[in-house]
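Student: If you scroll down you'll find the structure; I have some questions about it.
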Amino acid sequence: MPDLPVMVIGGGPCGMEATRGISDLGYNVVLVDKAEFLGGNPIAGDYAALTPDMRNAEDAMNEMIEAITDNPLIEIRLNSSVVAAEGKAPDLSVTVKNGKGDEKIDVGSVIISTGFQHFDPGKETQIYGYYEYDDVITLVDVERMLKAGKFVRPSTGEKPKQVCFIQCVGSRDRQIGNQWCSKVCCGIATKEAIEIRDLVPDCKVFVFYIDMRMYGFWEDELYWKAQEEKQVNFIRGIVTEITLRGDGVVVKGEDTTMGRPMEIPMDVVILSIGMEPSKGSTEMAKLFDIPLESHGFIETIGGALNTVQTSAPGIFAAGASTGPADLEDSISMGGAAALKACAFIRKSQLQTA
Amino acid sequence: MSIYKDAKYMDVPFEEKQKLFDQVKGDMRWDHIFNGCYECGICVAACPSARFYDFSPRVFVQTLEREDIDTFYELMNDSVWDCSQCFSCTRCPRESNPGALITVMREVAVNNGLNSAKEALKAYSRIIYKIMSTGTQVAPDMLQPDAFPDWGPHVKEISDNLEYWRRALPPETLHTVELAWDVSVETRLELFMIWKLTGNLEMIENIDEGIFMILEEVMEELLEEHGYDLDDYENVIED
Amino acid sequence: MPTTTASSLPLKAEDRKFERNSPPPTEDYREQLFELEAKGEIEIIRVPEPYIEVETKYGRKKKIPLEHTWHHKSCGQCGHIPGYSTAIFWLNRQFGFDYHDPRDQTSCTAWNYYASATSNPAAQAAVAVRNFAQAQIDGYFPVIHCGTSYGHYKEVRAELIYSAELRKQVRAVLARLGKKLVFPEEIVHYSEWVHVMRHEIKKRQTRDFSNLTITVHPACHYHKLVVEDAIYDKDLYNGQRTAIVSGLVKTIGSKLADYSTWHDCCGFGFRHILVSRDFSRSFATMRKIEVMIEEANPDLTLTHDTGCVTTLDQSQFAAKAHGKKVGIPVMSDAQYAALAMGAHPFKVCQLHWHNMEIRTILEKMGIDYDKAWSEFEHQVDRIKSGEIDYLSWEDADA
């Protein structure tokens with residue numbers, strides 16, 4: 001049996017780590033991404049600093065990219081989409097389409113690492129006005145401003161005096177149909193709150209939340225730090241409406257700790273948008289005939305003991321294509337998938353030998 | 001035993017409270033209007049009544065979720081009638097529907113003849129009579145200055161000119177004074193039969209015997225005039 | 001969702017274009033109704049032609065019939081603000097549409113139900129279905145005048161869809177009345193008819209309203225109680241708020257003004273407006289009227305439901321007596337549309353039943369208040385003298 005490569009679909013952090021792992025184990029790998037660059041959402045979304053360690057996101061992604069560049073075992077195909085698959089692993093023929101046309105590639109195993117997409121606040125059933133007001137923006141918009149080193153009120157270009165984050169936008173919501181916690185938004189919002197306080201020291205920052213999901217070391221490294229050292233106001237209670245008053249917006253909600261109604265003018269409102277299955281993830285599930293789990297992400301069948309196994313032998317799924325995942329989850333799953341994919345090829349070779 | 005040190009109505013037997021709770025939970029709508037609550041406060045922020053009363057839709061859903069029978073009974077007796085029934089609270093991200101839960105709680109309060117229900121409906125009974133007998137909730141002749149003093153002198157102007165102003169309305173169905181529009185007698189009787197067939201009159205008897213007697217007298221006379229046999233129209237809805 | 005910009009600044013709101021890229025989060029009630037019909041459980045009244053299709057909250061299409069409509073009237077409109085219903089009929093007559101104003105219609109009785117809870121789901125559903133069955137017998141499609149009837153019937157629809165037991169009960173009750181379990185394909189509110197007719201209304205506009213600043217109050221039972229039937233339009237508020245009433249105002253050419261409590265309730269409260277009016281008054285003036293005046297200073301506020309017109313209009317009197325800064329005339333979208341098309345302010349729109357002073361707004365609309373009032377008084381005198389019994393449609397337009 002020939003030494004067929006593993007195909008990794010999606011070149012974000014998870015896919016890059018899988019690629020590196022496969023080549024480290026001495027196997028061939030083809031990494032496909034429909035974008036013209038590697039790095040996935042952190043690069044596409046111009047992320048500034050990573051959560052929780054505040055490391056520069058571009059530097060971190062460049063480090064990952066470097067680790068898989070100029071390696072004879074690794075073939076990288078950008079601007080390319082997977083459009084068809086025939087056969088069963090380890091005898092798979094996958095059609096990749098790019099500007100020049102279609103090409104069939106024989107592969108022994110596949111790792112789907114097509115990630116997530118950011119929730120579109122137009123689907124929100126609260127009244128948040130992202131499509132009505134300049135000063136209502138998202139976590140991603142903030143990353144872009146922080147990366148450029150300035151945080152301003154979009155409608156005026158001036159430094160804001162009062163800013164808030166609204167948590168769980170598009171997450172934990174039966175009305176929208178997204179019943180999951182997106183895991184990362186509490187951490188990212190808190191990280192951004194700290195950065196805003198550092199950049200604009202006289203700006204008051206509020207975080208409106210239902211539960212602060214600051215698991216592990218995020219607790220003291222981000223949450224306590226923001227509250228104790230940076231004087232970020234954490235208020236339990238979610239905003240239900242953002243409306244216009246004069247030149248600015250007003251947020252309305254209940255402070256559930258105090259049991260009192262709030263109506264606060266804000267210069268900038270940041271919607272902590274969550275994760276949804278990406279279009280790529282649903283397309284790949286269909287193409288490789290793998291079921292989606294009840295929330296719409298790619299279903300893995302190994303439970304807690306095997307986080308990357310799908311119902312199709314030799315086809316693995318990792319990272320946020322399988323459900324909300326933070327960077328640590330994604331990288332760990334990428335590594336796990338690399339190991340399983342190589343093991344799958346090796347076992348197949350041993351069987352046929 | 002309530003979890004609160006300052007609980008009210010502790011003299012009411014627990015079984016009595018539990019009975020009411022079971023009726024609320026047993027309502028056919030329960031599964032569709034009740035899910036959990038994670039205290040986000042969205043319902044309260046959207047609620048008009050919460051701004052003027054000691055009233056919180058969040059407290060209702062939390063109490064029901066906890067199956068806190070004692071607090072449930074307090075709500076049944078105190079703030080259940082403060083709700084505006086505007087359903088602004090339907091924005092609940094868990095898809096609980098506090099307004100609809102309150103509709104059910106009120107219905108249980110009425111069916112059980114709770115004092116809170118009797119008290120809340122005291123000034124309201126004439127409206128129950130109007131809707132049940134005429135098929136229209138309000139009528140032009142209700143616009144009397146003593147009934148709406150806070151609406152100013154224009155109410156008097158309307159009531160002084162009522163008959164002629166009603167006749168100065170081009171739609172033929174609107175020349176009425178005692179009904180909002182001209183509901184045919186046949187249709188009024190059909191409506192009254194719906195009340196009988198669905199057990200609503202028995203419920204009215206529980207809550208306001210006076211209104212019940214007038215309704216029966218007026219409507220049954222009308223029914224007999226039109227050749228209906230009352231015994232044909234008993235409750236067909238089983239409990 | 002938009003992704004990148006050249007600068008590090010977020011896109012301006014006007015450049016963010018919302019496109020719904022996922023299926024509606026709710027099940028399609030029409031499919032569910034048709035399934036029940038296929039099983040022989042229920043009969044569905046189809047929307048008659050001609051109709052116009054419009055998009056609703058989650059992007060589904062809704063059919064709004066133009067004529068052959070059975071006008072399910074509103075207690076509060078007919079009883080206390082009769083120019084509201086009259087304007088709806090007047091508009092239909094102007095377009096020469098076939099409509100029916102039934103005497104065999106009852107109230108939905110939901111005002112009472114939300115106020116007193118002195119009823120039950122079976123009774124409420126039976127009242128709804130009796131009206132629909134009657135519309136079917138009369139050969140017309142129901143169009144609902146009241147926002148609360150519209151809201152309540154949507155609730156009844158959901159209950160009938162999910163409860164076989166309720167369907168059985170309602171069938172049993174209706175059978176005793178010699179009627180069947182029928183339901184319309186769509187619950188249609190008259191303001192949706194006004195909305196889809198707005199361009200035709202514009203074509204027949206005879207009065208210029210471009211100098212009017214208008215605030216809009218969307219009715220809770222229209223867009224909050226069972227949200228998915230409400231009409232939304234990509235070109236209005238970027239599809240993020242219901243387009244109802246606002247779409248008309250923009251088409252007619254008045255200035256549509258925003259205010260920060262547009263999404264608040266009016267304060268009607270069902271029982272409160274009748275027996276605890278201090279609440280309704282306070283809420284309507286403090287949360288709505290005063291905010292509108294401070295932030296938008298409108299000439300007029302428009303809404304599309306019985307309770308909202310009543311509460312917003314009547315509540316201002318007491319506040320005014322207490323020296324509060326209030327005094328906005330309130331009317332329905334139907335009356336506003338009729339006035340734009342040249343309807344008489346008193347003989348058709350019957351604005352003398354409203355509370356707030358309307359001389360200023362009528363003059364801004366180019367209407368001679370005194371002349372119009374004396375024309376109305378003249379007709380009342382003819383009734384008083386016995387010359388005529390009632391004001392006819394012909395005399396209303398004379």
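Residue numbering restarts at 1 in every chain; chains get A, B, ... in the order shown in the structure tokens, and ligands count up from 1 in that same order.
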Can you work out which residues from chain C touch chain A at a cut-off of 12 Å (counting only C-alpha atoms) and hand them back as an MDAnalysis selection string?
Tutor: chainID C and resid 1:27 57:59 223:224 226:228 234:242 257:264 291:292 294:296
Student: Using DSSP on the backbone, list every residue of segment 43-105 of chain C that comes out as strand (DSSP E or B), and give them as a list in words.
Tutor: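 Matching residues for strand (DSSP E or B) in segment 43-105 of chain C are Glu43, Ile44, Ile45, Tyr51, Ile52, Glu53, Val54, Glu55, Thr56, Lys61, Lys62, Lys63, Ile64, Pro65, Thr69, Trp70, His71, His72, Tyr99 and His100 of chain C.
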Student: What's around Val138 of chain B at 10 Å? Count only C-alpha atoms, leave out sequence neighbours fewer than 5 positions away in its own chain, and write the answer as a list in words.
Tutor: Arg126, Ile127, Ile128, Lys130, Ile131, Leu143, Glu178, Leu179, Ala180 and Trp181 of chain B; Ser74, Cys75, Gly76, Gln77, Cys78, Gly79, His80, Ser107, Trp111, Asn112 and Leu274 of chain C
Student: Identify every residue of chain B that has at least one atom within 7 Å of any atom of chain C, counting only C-alpha atoms, and report the result as an MDAnalysis selection string.
Tutor: chainID B and resid 48 84:88 90 103 106:107 110 121 123:124 131 135:140 150:152 154 164 167:171 173:174 180:184 187 190:191 194:195 197:198 200 236:237
Student: Hey, list the chain A side of the contact with chain B: 8 Å cut-off, only C-alpha atoms, answer as an mmCIF file with N, CA and C atoms, in the first residue's frame.
Tutor:
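Listing of result_32.cif after writing:
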data_model
loop_
_atom_site.group_PDB
_atom_site.id
_atom_site.type_symbol
_atom_site.label_atom_id
_atom_site.label_comp_id
_atom_site.auth_asym_id
_atom_site.auth_seq_id
_atom_site.Cartn_x
_atom_site.Cartn_y
_atom_site.Cartn_z
ATOM 1 N N THR A 125 -32.540 38.023 19.122
ATOM 2 C CA THR A 125 -33.953 38.339 19.358
ATOM 3 C C THR A 125 -34.130 39.416 20.438
ATOM 4 N N GLN A 126 -33.046 39.813 21.083
ATOM 5 C CA GLN A 126 -33.124 41.029 21.888
ATOM 6 C C GLN A 126 -32.982 42.204 20.913
ATOM 7 N N ARG A 172 -26.446 30.365 24.428
ATOM 8 C CA ARG A 172 -27.331 30.036 25.554
ATOM 9 C C ARG A 172 -28.738 30.572 25.310
ATOM 10 N N ASP A 173 -29.212 30.432 24.087
ATOM 11 C CA ASP A 173 -30.465 31.082 23.729
ATOM 12 C C ASP A 173 -31.357 30.153 22.919
ATOM 13 N N ARG A 174 -32.438 29.729 23.539
ATOM 14 C CA ARG A 174 -33.369 28.809 22.901
ATOM 15 C C ARG A 174 -34.137 29.498 21.767
ATOM 16 N N GLN A 175 -34.382 30.792 21.917
ATOM 17 C CA GLN A 175 -35.150 31.505 20.882
ATOM 18 C C GLN A 175 -34.409 31.498 19.557
ATOM 19 N N ILE A 176 -33.093 31.680 19.646
ATOM 20 C CA ILE A 176 -32.281 31.721 18.437
ATOM 21 C C ILE A 176 -32.007 30.309 17.956
ATOM 22 N N TYR A 209 -23.496 40.310 32.433
ATOM 23 C CA TYR A 209 -23.372 38.862 32.251
ATOM 24 C C TYR A 209 -24.508 38.107 32.924
ATOM 25 N N ILE A 210 -24.628 36.834 32.561
ATOM 26 C CA ILE A 210 -25.561 35.938 33.261
ATOM 27 C C ILE A 210 -24.766 35.095 34.258
ATOM 28 N N ARG A 236 -24.392 41.563 37.119
ATOM 29 C CA ARG A 236 -25.176 40.379 36.761
ATOM 30 C C ARG A 236 -26.545 40.821 36.260
ATOM 31 N N GLY A 237 -26.782 40.610 35.002
ATOM 32 C CA GLY A 237 -28.029 41.050 34.376
ATOM 33 C C GLY A 237 -27.729 41.384 32.928
ATOM 34 N N ILE A 238 -28.593 40.923 32.028
ATOM 35 C CA ILE A 238 -28.310 41.073 30.602
ATOM 36 C C ILE A 238 -29.131 42.226 30.027
ATOM 37 N N VAL A 239 -28.522 42.945 29.120
ATOM 38 C CA VAL A 239 -29.215 44.048 28.453
ATOM 39 C C VAL A 239 -30.247 43.463 27.486
ATOM 40 N N THR A 240 -31.441 44.024 27.513
ATOM 41 C CA THR A 240 -32.466 43.535 26.578
ATOM 42 C C THR A 240 -32.685 44.480 25.408
ATOM 43 N N LYS A 252 -30.533 49.045 28.300
ATOM 44 C CA LYS A 252 -31.523 48.796 29.350
ATOM 45 C C LYS A 252 -31.480 47.347 29.785
ATOM 46 N N GLY A 253 -31.489 47.158 31.062
ATOM 47 C CA GLY A 253 -31.497 45.790 31.581
ATOM 48 C C GLY A 253 -31.858 45.825 33.047
ATOM 49 N N GLU A 254 -31.827 44.658 33.681
ATOM 50 C CA GLU A 254 -32.045 44.624 35.121
ATOM 51 C C GLU A 254 -30.734 44.238 35.796
ATOM 52 N N ASP A 255 -30.350 44.975 36.807
ATOM 53 C CA ASP A 255 -29.261 44.552 37.681
ATOM 54 C C ASP A 255 -29.892 43.534 38.618
ATOM 55 N N THR A 256 -29.677 42.248 38.343
ATOM 56 C CA THR A 256 -30.416 41.226 39.091
ATOM 57 C C THR A 256 -29.874 41.041 40.507
ATOM 58 N N PRO A 261 -33.862 48.305 37.988
ATOM 59 C CA PRO A 261 -33.741 48.514 36.537
ATOM 60 C C PRO A 261 -32.576 49.449 36.214
ATOM 61 N N MET A 262 -31.897 49.166 35.101
ATOM 62 C CA MET A 262 -30.775 50.028 34.685
ATOM 63 C C MET A 262 -31.110 50.667 33.341
#
Student: Mind listing the alpha helix (DSSP H) residues of segment 142-171 of chain B, per DSSP on the backbone, as a list in words?
Tutor: His154, Val155, Lys156, Glu157, Ile158, Ser159, Asp160, Asn161, Leu162, Glu163, Tyr164, Trp165, Arg166 and Arg167 of chain B
Student: In Å to one decimal, how far is atom CA of Ile64 of chain C from atom CA of Gln32 of chain C?
Tutor: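 Between atom CA of Gln32 of chain C and atom CA of Ile64 of chain C the gap works out to 19.2 Å.
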